[in-house]
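To keep things clear, I will list the structure first and then write my remarks on it.
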2 protein chains.
Amino acid sequence: MVNETQHTCSASSSSKSDGGSSSGSESSKDSSRCSTPVLDAERHERLREKMRRRQDSGDKWFSLEFFPPRTASGAVNLISRFDRMGAGGPLFIDVTWHPAGDPGSDKETSSMIIASTAVNYCGLETILHMTCCNQTKDEITGHLQRAKRLGLKNIMALRGDPAGEEWEEEVEGFNYAVDLVKHIRNEFDDYFDICVAGYPKGHPEAESYEADLRHLKEKVFAGADFIITQLFFRSETFLKFMKDCQAIGITCPIVPGIFPIQGYHSLRQLVRLSKLEVPQEIKDVIEPIKDNDAAIRNYGVELAVSMCRELLDSGMVHGLHFYTLNREVATTEVLKRIGMWKEDPRRPLPWAVSAHPKRRVEDVRPIFWASRPKSYIYRTQEWDDFPNGRWGNSSSPAFGELKDYYLFYLKSKSPREELLKMWGEELTSEESVFEVFTCYITGEPNKNGHRVTCMPWNDDPLATETNLLKEQLEKVNRRGILTINSQPNINGKPSTDPIVGWGPSGGYVFQKAYLEFFTSSEIVTALLKVLKKYELRVNYHIVNVKDQNITNAPDLQPNAVTWGIFPGREIIQPTVVDPVSFLFWKDEAFALWIEQWAKLYEEESPSRMIIQYIHDNYYLVNLVDNDFPLENCLWQVVDDTFELLNSPTEQ
Amino acid sequence: MVNETQHTCSASSSSKSDGGSSSGSESSKDSSRCSTPVLDAERHERLREKMRRRQDSGDKWFSLEFFPPRTASGAVNLISRFDRMGAGGPLFIDVTWHPAGDPGSDKETSSMIIASTAVNYCGLETILHMTCCNQTKDEITGHLQRAKRLGLKNIMALRGDPAGEEWEEEVEGFNYAVDLVKHIRNEFDDYFDICVAGYPKGHPEAESYEADLRHLKEKVFAGADFIITQLFFRSETFLKFMKDCQAIGITCPIVPGIFPIQGYHSLRQLVRLSKLEVPQEIKDVIEPIKDNDAAIRNYGVELAVSMCRELLDSGMVHGLHFYTLNREVATTEVLKRIGMWKEDPRRPLPWAVSAHPKRRVEDVRPIFWASRPKSYIYRTQEWDDFPNGRWGNSSSPAFGELKDYYLFYLKSKSPREELLKMWGEELTSEESVFEVFTCYITGEPNKNGHRVTCMPWNDDPLATETNLLKEQLEKVNRRGILTINSQPNINGKPSTDPIVGWGPSGGYVFQKAYLEFFTSSEIVTALLKVLKKYELRVNYHIVNVKDQNITNAPDLQPNAVTWGIFPGREIIQPTVVDPVSFLFWKDEAFALWIEQWAKLYEEESPSRMIIQYIHDNYYLVNLVDNDFPLENCLWQVVDDTFELLNSPTEQ
């Protein structure tokens, strides 16, 4: 009965239809029903559909352009910049193609890998630039196939700069962007959304402005879906260009490229490359302050803000494209000033989604990887199907091995020296480890005055939600309940709640209280006695590195611990505590003690041996309080455990 | 990634395992995870597993034997008896094989069809008896294939009575039950659970008691899973038999057959057929009262109760099998007296499940068929997959046509004359139809003093849950909002709640308020104006018989309106309001006006024309209030609608 074909759903009719035109009753009987998206439609749409939806709804958008980094550490930084700037809500980002940087290769700095990381691990809709001159058809097809395999769905088709001065057109070769557009449509049909470049002042090599417009029209008619323009300095330039395009029959979206001036040298360089002329009134302001970076940036922001406002006010512009030069401050500032930066982006799900097409329907994950979503995505990248609606029936837990802790998108943002300052140059006892955990929770500086802003299991400071539990977490960490994941119980808060909300508005979100921690076998022994009292209320799973494994999960079934109820939709349950996946997570969680922490120290050093001891002897415990409408009992469980440990009969 | 193979899950270890024996961590990595049942395990187990589970947990069970009816109306009655006695919680029922009654045929009175109806439409685990003598191998194989196709999983393998007195063994034929057991195992491997008959006094035709025990052992060793015994009159008879069986190595479950004496003649007949001797002490009591049916039944109940108690007290008996003779009173009385009748059976889901193996995972249905579950099962019987976890992705709405309103298991329990008394011998106006709906809601007698205990859309009196809404429902039905389905909003009541609870204990159940009704186009016009005010809160779907169709369901997505949160389990959402299925339900709901009501009257009669007018002109409306934590706003919507209709500006 399951019909795999995805039909396009006809929009629901919101007004009463007249006698003759019955809306869809008969037709929907003939065809099988659409497998409609449960959550936000944008996750299921291709980029050009998203643009159209935004245009129809009048919801203005922005996008961000980046270039690939030069070094591996630059890549780590760029990916965390993607995460930070992604939080502002860009409709897409794009990554330029650097022919000199082996752009289609496996290198962590290649255009291909950076764009694929943005899609897969940062969940960003991404356009990969691609140039065609000086390349064979096979090379280009190979790049495109690779892009498709990696989950990329959008290509910015460019000519690129000819290699030498003495460039001549090749017969049968790729001489212009239009050749690349045609090739993509020939070889990949409608798979990719294609973007092409527009030149508001005409391409510097074009015979004339009019001739360049005609070239642009050719690119669009060859199959391009939308246009992003080269930068310009006056809004009139763009608006005139747009009218001229429309006049000759170009009807696709045209997105103005905004370049916030960020410094004297970067402006000079860009102008030289793009062969644009900087208007005199701008030169007049900049030249006198050319050595004052801050002043130039402030001016650049002002200029961009007023140009963006003029463009948006024209009513002709629905989206703005920013040339970020891989910097955050100026672009973010402009976006905030014009009110387009989403301070509190609505989360479609409690965890960071991946934008790979095959993960579009994914809406259930085990809670264990909540602070390591990239590791989860990496370890499940080979799956063909992803859980949708229910964990139990949609997915097997065939997790990939995680041996490459140093993959750039999984790597800690902090260098070794910084980690040592946070986690201790020298550990003297298990208690000094407890202290590190406690400082991470409290945010207070450690003995040496350094704040602990990350842990091997959490590369970011404590989540706002976890802050709700801060007091209790501090108390238990001091006593050797080393927490690495937790959530409070929530009994129906609005889905728009700034801390725990997610999903469409008008809904209600729920959670069962969850606590996950490492602790000693002595504490586990007492805990197990205490848990007998809570047998019907608390589900637990306790395991050590030797695979001793204790659980009361009925039939090893997953336990939904986060769910949401929304108007006109099926229930979403985005996180589960799955006893089977927990055994895979356990391996990763234990390994992080060694890979991220113990290895900071010399072999055989006391510090390393303390971490090794914990790794070898502690248990990883997770607890779920099923009675979400009542007060969270997990703290009582821990208190009871310590009471039992301290009672004289137990001594 | 989805592994279709169902592995047997290893039970969760509830105590800490010792060093050496790690419980399952590594092994569960190697194999794909089980697709474990979310709700009660019994739904997923075969009969012999259910018996074993009950035996292990010490949870005593009972089963009920019926014979096929002689007439079609007898079949209707028997099916509603299955529903009533099914509510008491039998582990299974069994249906005898009447060779003279064309037992394998399509007739509504055949053993095959009655057993299949019990499985498919009453959701009862069912054993089909089958005899083998005087039948060819092909005939028998045909019956078994048919049984399998119809969802039957259990066979009671019997020899049956030879046709003539001069019976001789056939070479290569089926002469004994053991031949049938072997044949089933040969041809169908392990598909069927097989039950065989045991004779506590020895089979009347056996050479000796000992020889008969040896025959029984042969049947078990040929592949029978358990034994049900012939009736007996003293518990010692059974207990001795059981010990004798064990002594010769029969280890499978042996279930005592209990025959509550219900009348003098039925006892005489049974004794004659089974060639058993009634003990003198029983004869002594019965003979003097042989014309007093009530006295004999009372005695029979007493006798059965004390025998059942002795059997259960022996510690050797885990289940009791009742020969009901298709009667309810005596068996129900015995079961109640010994505390085995489940007065308040825990519902695994809010709707009546089907026991067909392919529907085992089904746990989502549209709410529309809530009062017509058998019709829903009928119309979806050809589906290959059933929704599990989510409606949207698991099922297409390819509903079968419902033309056979007179299929015996769909037929109203009330005859035409009774329906006329309830719904009016003569209708004079639309208002007299409103009156019928109102009387059904209130339970008050109609003008002619008859109570309206069923409606075309509800063959049973108002559900207890609907009673919660009685006052409001009465009010709106009087005004022409003709309700056929509704549920109150529920914001987290315990799953054990006697009225709205379902599923395992320790959980919480939720509902969105739902209201479904027929109403005039005048009211619909006002309603649509009112609904604008509730646009973000209320989802609606309004349709008439001409397929005019108005909805605000986002992307035509289903809306979950009943869900439950349980300890250690994923979320269950057993009912949805699906805008696409609604169009199929609508056809059925409108057709019921004509098929069940209008056709009671002469063609061209005023009564028939009134119903025809409503059918042709009214709309079917459903409303969901998405804000389940707040007070149900649907009554306010209706009030606002009437206020608008009554306001002077609208006149």
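Letters A, B, ... mark the chains of the structure tokens in the order given; residue numbers begin at 1 per chain; ligand numbers begin at 1, in order shown.
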> Just asking: which residues within range 294-395 of chain B are strand (DSSP E or B) according to DSSP, as an NGL selection string?
Replying inline: :B and (319-323 or 365-366 or 388 or 390)
For those residues, write N, CA and C atoms to a file as a compact mmCIF listing (two decimals), in the first residue's frame.
# COMPACT_ATOMS: atom_id res chain seq x y z
N GLY B 319 -4.62 -22.60 32.56
CA GLY B 319 -5.72 -22.05 31.78
C GLY B 319 -6.90 -23.01 31.78
N LEU B 320 -8.09 -22.47 31.56
CA LEU B 320 -9.31 -23.27 31.55
C LEU B 320 -10.03 -23.06 30.23
N HIS B 321 -10.47 -24.16 29.63
CA HIS B 321 -11.15 -24.06 28.34
C HIS B 321 -12.64 -24.35 28.55
N PHE B 322 -13.50 -23.46 28.09
CA PHE B 322 -14.94 -23.61 28.34
C PHE B 322 -15.70 -24.02 27.10
N TYR B 323 -16.49 -25.10 27.24
CA TYR B 323 -17.43 -25.47 26.20
C TYR B 323 -18.68 -24.64 26.42
N ARG B 365 -5.19 4.82 13.15
CA ARG B 365 -6.36 4.79 12.27
C ARG B 365 -7.00 6.17 12.24
N PRO B 366 -7.70 6.49 11.14
CA PRO B 366 -8.48 7.72 11.15
C PRO B 366 -9.61 7.59 12.17
N ASN B 388 2.00 2.27 11.26
CA ASN B 388 2.62 1.97 12.54
C ASN B 388 3.41 3.20 12.95
N ARG B 390 3.03 6.27 12.59
CA ARG B 390 2.60 7.48 11.90
C ARG B 390 1.65 7.09 10.78
>> Show me, as an MDAnalysis selection string, the residues that have an atom within 9 Å of Gly151 in chain A when counting only C-alpha atoms, minus same-chain residues fewer than 5 positions from it.
In response: chainID A and resid 116 119:120 146 355:358
> Can you list, as a PyMOL selection string, every protein, DNA or RNA residue that comes within 12 Å of Glu588 in chain A when you count only C-alpha atoms, leaving out same-chain residues fewer than 2 positions away?
Replying inline: chain A and resi 368-369+372+375-376+379+399-405+456-457+544-545+581-586+590-596+615+620
> Neighbours of range 423-440 of chain A within 7 Å (only C-alpha atoms; same-chain residues fewer than 6 positions away dropped), as a list in words?
Replying inline: Asn446, Val452, Thr453, Cys454, Glu474, Asn477, Arg478, Gly480, Leu482, Ser607 and Ile610 of chain A
Expected file: the selected residues, all heavy atoms, as a short mmCIF file (atom, residue, chain, number, x, y, z; two decimals), in the first residue's frame:
data_model
loop_
_atom_site.label_atom_id
_atom_site.label_comp_id
_atom_site.auth_asym_id
_atom_site.auth_seq_id
_atom_site.Cartn_x
_atom_site.Cartn_y
_atom_site.Cartn_z
N ASN A 446 38.32 27.76 37.22
CA ASN A 446 38.92 26.70 38.04
C ASN A 446 40.03 27.28 38.91
O ASN A 446 40.25 28.49 38.92
CB ASN A 446 39.41 25.55 37.14
CG ASN A 446 40.51 26.00 36.19
OD1 ASN A 446 41.14 27.06 36.39
ND2 ASN A 446 40.74 25.22 35.14
N VAL A 452 36.04 26.67 32.31
CA VAL A 452 35.92 25.41 31.55
C VAL A 452 34.73 25.56 30.59
O VAL A 452 33.58 25.42 31.00
CB VAL A 452 35.72 24.21 32.49
CG1 VAL A 452 35.67 22.92 31.69
CG2 VAL A 452 36.84 24.17 33.53
N THR A 453 35.03 25.89 29.34
CA THR A 453 33.94 26.19 28.38
C THR A 453 33.59 25.00 27.50
O THR A 453 32.67 25.07 26.69
CB THR A 453 34.32 27.37 27.48
OG1 THR A 453 35.54 27.03 26.83
CG2 THR A 453 34.50 28.64 28.29
N CYS A 454 34.36 23.93 27.61
CA CYS A 454 34.00 22.73 26.86
C CYS A 454 34.50 21.51 27.59
O CYS A 454 35.32 21.60 28.50
CB CYS A 454 34.55 22.78 25.43
SG CYS A 454 36.34 22.64 25.33
N GLU A 474 25.42 20.94 39.70
CA GLU A 474 26.64 21.29 40.42
C GLU A 474 26.81 20.37 41.63
O GLU A 474 27.87 19.80 41.87
CB GLU A 474 26.58 22.76 40.87
CG GLU A 474 27.79 23.15 41.69
CD GLU A 474 27.69 24.55 42.26
OE1 GLU A 474 26.79 25.31 41.84
OE2 GLU A 474 28.53 24.88 43.13
N ASN A 477 27.75 16.72 40.61
CA ASN A 477 29.08 16.58 40.02
C ASN A 477 30.17 16.64 41.08
O ASN A 477 31.15 15.91 41.02
CB ASN A 477 29.30 17.64 38.93
CG ASN A 477 28.74 17.20 37.59
OD1 ASN A 477 29.35 16.41 36.88
ND2 ASN A 477 27.55 17.70 37.25
N ARG A 478 29.97 17.52 42.05
CA ARG A 478 30.93 17.60 43.16
C ARG A 478 31.11 16.28 43.86
O ARG A 478 32.16 15.98 44.41
CB ARG A 478 30.43 18.61 44.22
CG ARG A 478 30.73 20.02 43.89
CD ARG A 478 30.65 20.93 45.10
NE ARG A 478 30.50 22.31 44.64
CZ ARG A 478 31.45 23.00 44.04
NH1 ARG A 478 32.66 22.46 43.85
NH2 ARG A 478 31.23 24.24 43.62
N GLY A 480 30.79 13.31 42.42
CA GLY A 480 31.27 12.21 41.58
C GLY A 480 30.21 11.63 40.66
O GLY A 480 30.39 10.55 40.10
N LEU A 482 29.27 12.37 37.37
CA LEU A 482 29.88 13.23 36.35
C LEU A 482 28.95 13.32 35.15
O LEU A 482 28.98 12.48 34.25
CB LEU A 482 31.26 12.69 35.97
CG LEU A 482 32.18 12.45 37.19
CD1 LEU A 482 33.51 11.85 36.75
CD2 LEU A 482 32.41 13.75 37.98
N SER A 607 48.49 12.00 35.75
CA SER A 607 47.26 12.56 35.20
C SER A 607 46.61 11.57 34.23
O SER A 607 45.41 11.30 34.29
CB SER A 607 47.55 13.87 34.45
OG SER A 607 48.03 14.84 35.34
N ILE A 610 45.06 8.60 35.96
CA ILE A 610 43.77 8.88 36.62
C ILE A 610 42.62 8.77 35.61
O ILE A 610 41.60 8.13 35.87
CB ILE A 610 43.80 10.27 37.30
CG1 ILE A 610 44.68 10.19 38.54
CG2 ILE A 610 42.39 10.75 37.64
CD1 ILE A 610 45.05 11.54 39.11
#
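If only C-alpha atoms are the atoms counted, then among B:Ile227, B:Met112, B:Ala197, B:Leu644 the closest residue to Pro69 in chain B is B:Met112.
Take the candidates A:Arg43, A:Lys283, A:Lys413, A:Lys546 and check each one against chain B using only C-alpha atoms; the shortest distance goes to A:Lys546.
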> Using only C-alpha atoms, which residues sit within 12 Å of range 208-216 of chain A once same-chain residues fewer than 5 positions away are excluded, as a PyMOL selection string?
Replying inline: chain A and resi 157-158+176-179+181+195-203+221-229+240-252+254
> So, counting only C-alpha atoms, which residue among A:Pro579, A:Gly392, A:Pro494, A:Pro488 is closest to chain B?
Replying inline: A:Gly392
Name all residues at most 8 Å from range 232-238 of chain B (count only C-alpha atoms; drop same-chain ones fewer than 4 positions away) and give them as a PDB file with all heavy atoms, in the first residue's frame.
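Once everything was written out, this is out.pdb:
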ATOM      1  N   PRO B 200      -9.339 -37.439  28.931  1.00  0.00           N
ATOM      2  CA  PRO B 200      -8.964 -37.800  30.309  1.00  0.00           C
ATOM      3  C   PRO B 200      -9.405 -39.205  30.696  1.00  0.00           C
ATOM      4  O   PRO B 200      -8.790 -39.834  31.549  1.00  0.00           O
ATOM      5  CB  PRO B 200      -9.695 -36.744  31.155  1.00  0.00           C
ATOM      6  CG  PRO B 200      -9.859 -35.575  30.235  1.00  0.00           C
ATOM      7  CD  PRO B 200     -10.066 -36.159  28.881  1.00  0.00           C
ATOM      8  N   LYS B 201     -10.455 -39.694  30.045  1.00  0.00           N
ATOM      9  CA  LYS B 201     -10.898 -41.064  30.340  1.00  0.00           C
ATOM     10  C   LYS B 201     -10.465 -42.021  29.231  1.00  0.00           C
ATOM     11  O   LYS B 201     -10.917 -43.162  29.170  1.00  0.00           O
ATOM     12  CB  LYS B 201     -12.428 -41.099  30.441  1.00  0.00           C
ATOM     13  CG  LYS B 201     -12.992 -40.424  31.681  1.00  0.00           C
ATOM     14  CD  LYS B 201     -12.958 -41.399  32.858  1.00  0.00           C
ATOM     15  CE  LYS B 201     -13.885 -40.917  33.975  1.00  0.00           C
ATOM     16  NZ  LYS B 201     -13.762 -41.795  35.173  1.00  0.00           N
ATOM     17  N   MET B 242      -3.317 -35.712  33.638  1.00  0.00           N
ATOM     18  CA  MET B 242      -2.171 -34.847  33.410  1.00  0.00           C
ATOM     19  C   MET B 242      -0.884 -35.493  33.913  1.00  0.00           C
ATOM     20  O   MET B 242       0.146 -35.465  33.236  1.00  0.00           O
ATOM     21  CB  MET B 242      -2.407 -33.513  34.101  1.00  0.00           C
ATOM     22  CG  MET B 242      -1.458 -32.458  33.614  1.00  0.00           C
ATOM     23  SD  MET B 242      -2.037 -30.802  33.955  1.00  0.00           S
ATOM     24  CE  MET B 242      -0.552 -29.917  33.475  1.00  0.00           C
ATOM     25  N   PRO B 256      -7.531 -28.124  30.555  1.00  0.00           N
ATOM     26  CA  PRO B 256      -8.757 -28.867  30.858  1.00  0.00           C
ATOM     27  C   PRO B 256      -9.972 -28.240  30.189  1.00  0.00           C
ATOM     28  O   PRO B 256     -10.136 -27.023  30.202  1.00  0.00           O
ATOM     29  CB  PRO B 256      -8.873 -28.771  32.385  1.00  0.00           C
ATOM     30  CG  PRO B 256      -8.095 -27.551  32.759  1.00  0.00           C
ATOM     31  CD  PRO B 256      -7.005 -27.402  31.727  1.00  0.00           C
ATOM     32  N   GLY B 257     -10.814 -29.078  29.596  1.00  0.00           N
ATOM     33  CA  GLY B 257     -12.050 -28.602  28.981  1.00  0.00           C
ATOM     34  C   GLY B 257     -13.176 -28.622  30.001  1.00  0.00           C
ATOM     35  O   GLY B 257     -13.487 -29.667  30.571  1.00  0.00           O
ATOM     36  N   ILE B 258     -13.764 -27.450  30.261  1.00  0.00           N
ATOM     37  CA  ILE B 258     -14.794 -27.327  31.300  1.00  0.00           C
ATOM     38  C   ILE B 258     -16.160 -27.218  30.625  1.00  0.00           C
ATOM     39  O   ILE B 258     -16.353 -26.390  29.738  1.00  0.00           O
ATOM     40  CB  ILE B 258     -14.557 -26.052  32.145  1.00  0.00           C
ATOM     41  CG1 ILE B 258     -13.113 -25.971  32.635  1.00  0.00           C
ATOM     42  CG2 ILE B 258     -15.558 -25.996  33.300  1.00  0.00           C
ATOM     43  CD1 ILE B 258     -12.698 -27.045  33.589  1.00  0.00           C
ATOM     44  N   PHE B 259     -17.092 -28.031  31.117  1.00  0.00           N
ATOM     45  CA  PHE B 259     -18.429 -28.018  30.543  1.00  0.00           C
ATOM     46  C   PHE B 259     -19.432 -27.657  31.647  1.00  0.00           C
ATOM     47  O   PHE B 259     -19.834 -28.529  32.419  1.00  0.00           O
ATOM     48  CB  PHE B 259     -18.740 -29.406  29.967  1.00  0.00           C
ATOM     49  CG  PHE B 259     -20.147 -29.538  29.464  1.00  0.00           C
ATOM     50  CD1 PHE B 259     -20.557 -28.887  28.306  1.00  0.00           C
ATOM     51  CD2 PHE B 259     -21.077 -30.320  30.159  1.00  0.00           C
ATOM     52  CE1 PHE B 259     -21.864 -29.022  27.852  1.00  0.00           C
ATOM     53  CE2 PHE B 259     -22.391 -30.453  29.697  1.00  0.00           C
ATOM     54  CZ  PHE B 259     -22.780 -29.794  28.549  1.00  0.00           C
ATOM     55  N   VAL B 278     -21.962 -39.997  33.098  1.00  0.00           N
ATOM     56  CA  VAL B 278     -22.173 -38.974  34.127  1.00  0.00           C
ATOM     57  C   VAL B 278     -22.136 -39.659  35.490  1.00  0.00           C
ATOM     58  O   VAL B 278     -22.827 -40.666  35.709  1.00  0.00           O
ATOM     59  CB  VAL B 278     -23.544 -38.281  33.937  1.00  0.00           C
ATOM     60  CG1 VAL B 278     -23.769 -37.227  35.004  1.00  0.00           C
ATOM     61  CG2 VAL B 278     -23.622 -37.676  32.547  1.00  0.00           C
ATOM     62  N   PRO B 279     -21.321 -39.112  36.389  1.00  0.00           N
ATOM     63  CA  PRO B 279     -21.219 -39.754  37.712  1.00  0.00           C
ATOM     64  C   PRO B 279     -22.572 -39.786  38.431  1.00  0.00           C
ATOM     65  O   PRO B 279     -23.395 -38.885  38.265  1.00  0.00           O
ATOM     66  CB  PRO B 279     -20.242 -38.849  38.468  1.00  0.00           C
ATOM     67  CG  PRO B 279     -19.495 -38.107  37.417  1.00  0.00           C
ATOM     68  CD  PRO B 279     -20.433 -37.968  36.260  1.00  0.00           C
ATOM     69  N   MET B 307     -15.149 -27.160  40.515  1.00  0.00           N
ATOM     70  CA  MET B 307     -14.148 -27.931  39.781  1.00  0.00           C
ATOM     71  C   MET B 307     -13.006 -27.030  39.309  1.00  0.00           C
ATOM     72  O   MET B 307     -11.831 -27.382  39.414  1.00  0.00           O
ATOM     73  CB  MET B 307     -14.786 -28.640  38.600  1.00  0.00           C
ATOM     74  CG  MET B 307     -13.882 -29.720  38.043  1.00  0.00           C
ATOM     75  SD  MET B 307     -14.804 -30.871  37.007  1.00  0.00           S
ATOM     76  CE  MET B 307     -15.052 -29.859  35.578  1.00  0.00           C
ATOM     77  N   CYS B 308     -13.350 -25.821  38.803  1.00  0.00           N
ATOM     78  CA  CYS B 308     -12.313 -24.886  38.344  1.00  0.00           C
ATOM     79  C   CYS B 308     -11.396 -24.520  39.503  1.00  0.00           C
ATOM     80  O   CYS B 308     -10.181 -24.469  39.361  1.00  0.00           O
ATOM     81  CB  CYS B 308     -12.948 -23.619  37.782  1.00  0.00           C
ATOM     82  SG  CYS B 308     -13.763 -23.885  36.204  1.00  0.00           S
ATOM     83  N   GLU B 310     -10.723 -26.243  42.172  1.00  0.00           N
ATOM     84  CA  GLU B 310      -9.852 -27.373  42.503  1.00  0.00           C
ATOM     85  C   GLU B 310      -8.701 -27.470  41.505  1.00  0.00           C
ATOM     86  O   GLU B 310      -7.549 -27.708  41.876  1.00  0.00           O
ATOM     87  CB  GLU B 310     -10.651 -28.681  42.482  1.00  0.00           C
ATOM     88  CG  GLU B 310     -11.543 -28.872  43.717  1.00  0.00           C
ATOM     89  CD  GLU B 310     -12.629 -29.923  43.481  1.00  0.00           C
ATOM     90  OE1 GLU B 310     -12.435 -30.787  42.579  1.00  0.00           O
ATOM     91  OE2 GLU B 310     -13.647 -29.880  44.178  1.00  0.00           O
ATOM     92  N   LEU B 311      -9.036 -27.272  40.238  1.00  0.00           N
ATOM     93  CA  LEU B 311      -7.995 -27.380  39.200  1.00  0.00           C
ATOM     94  C   LEU B 311      -6.941 -26.293  39.395  1.00  0.00           C
ATOM     95  O   LEU B 311      -5.737 -26.558  39.362  1.00  0.00           O
ATOM     96  CB  LEU B 311      -8.626 -27.255  37.810  1.00  0.00           C
ATOM     97  CG  LEU B 311      -9.495 -28.448  37.382  1.00  0.00           C
ATOM     98  CD1 LEU B 311     -10.286 -28.108  36.129  1.00  0.00           C
ATOM     99  CD2 LEU B 311      -8.617 -29.683  37.134  1.00  0.00           C
TER     100      LEU B 311
END
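In this structure, CA of Phe192 in chain A sits 14.1 Å away from CA of Lys50 in chain A.
Across A:Thr332, A:Gln381, A:Thr141, A:Ser520, the tightest approach to chain B is made by A:Gln381 when counting only C-alpha atoms.
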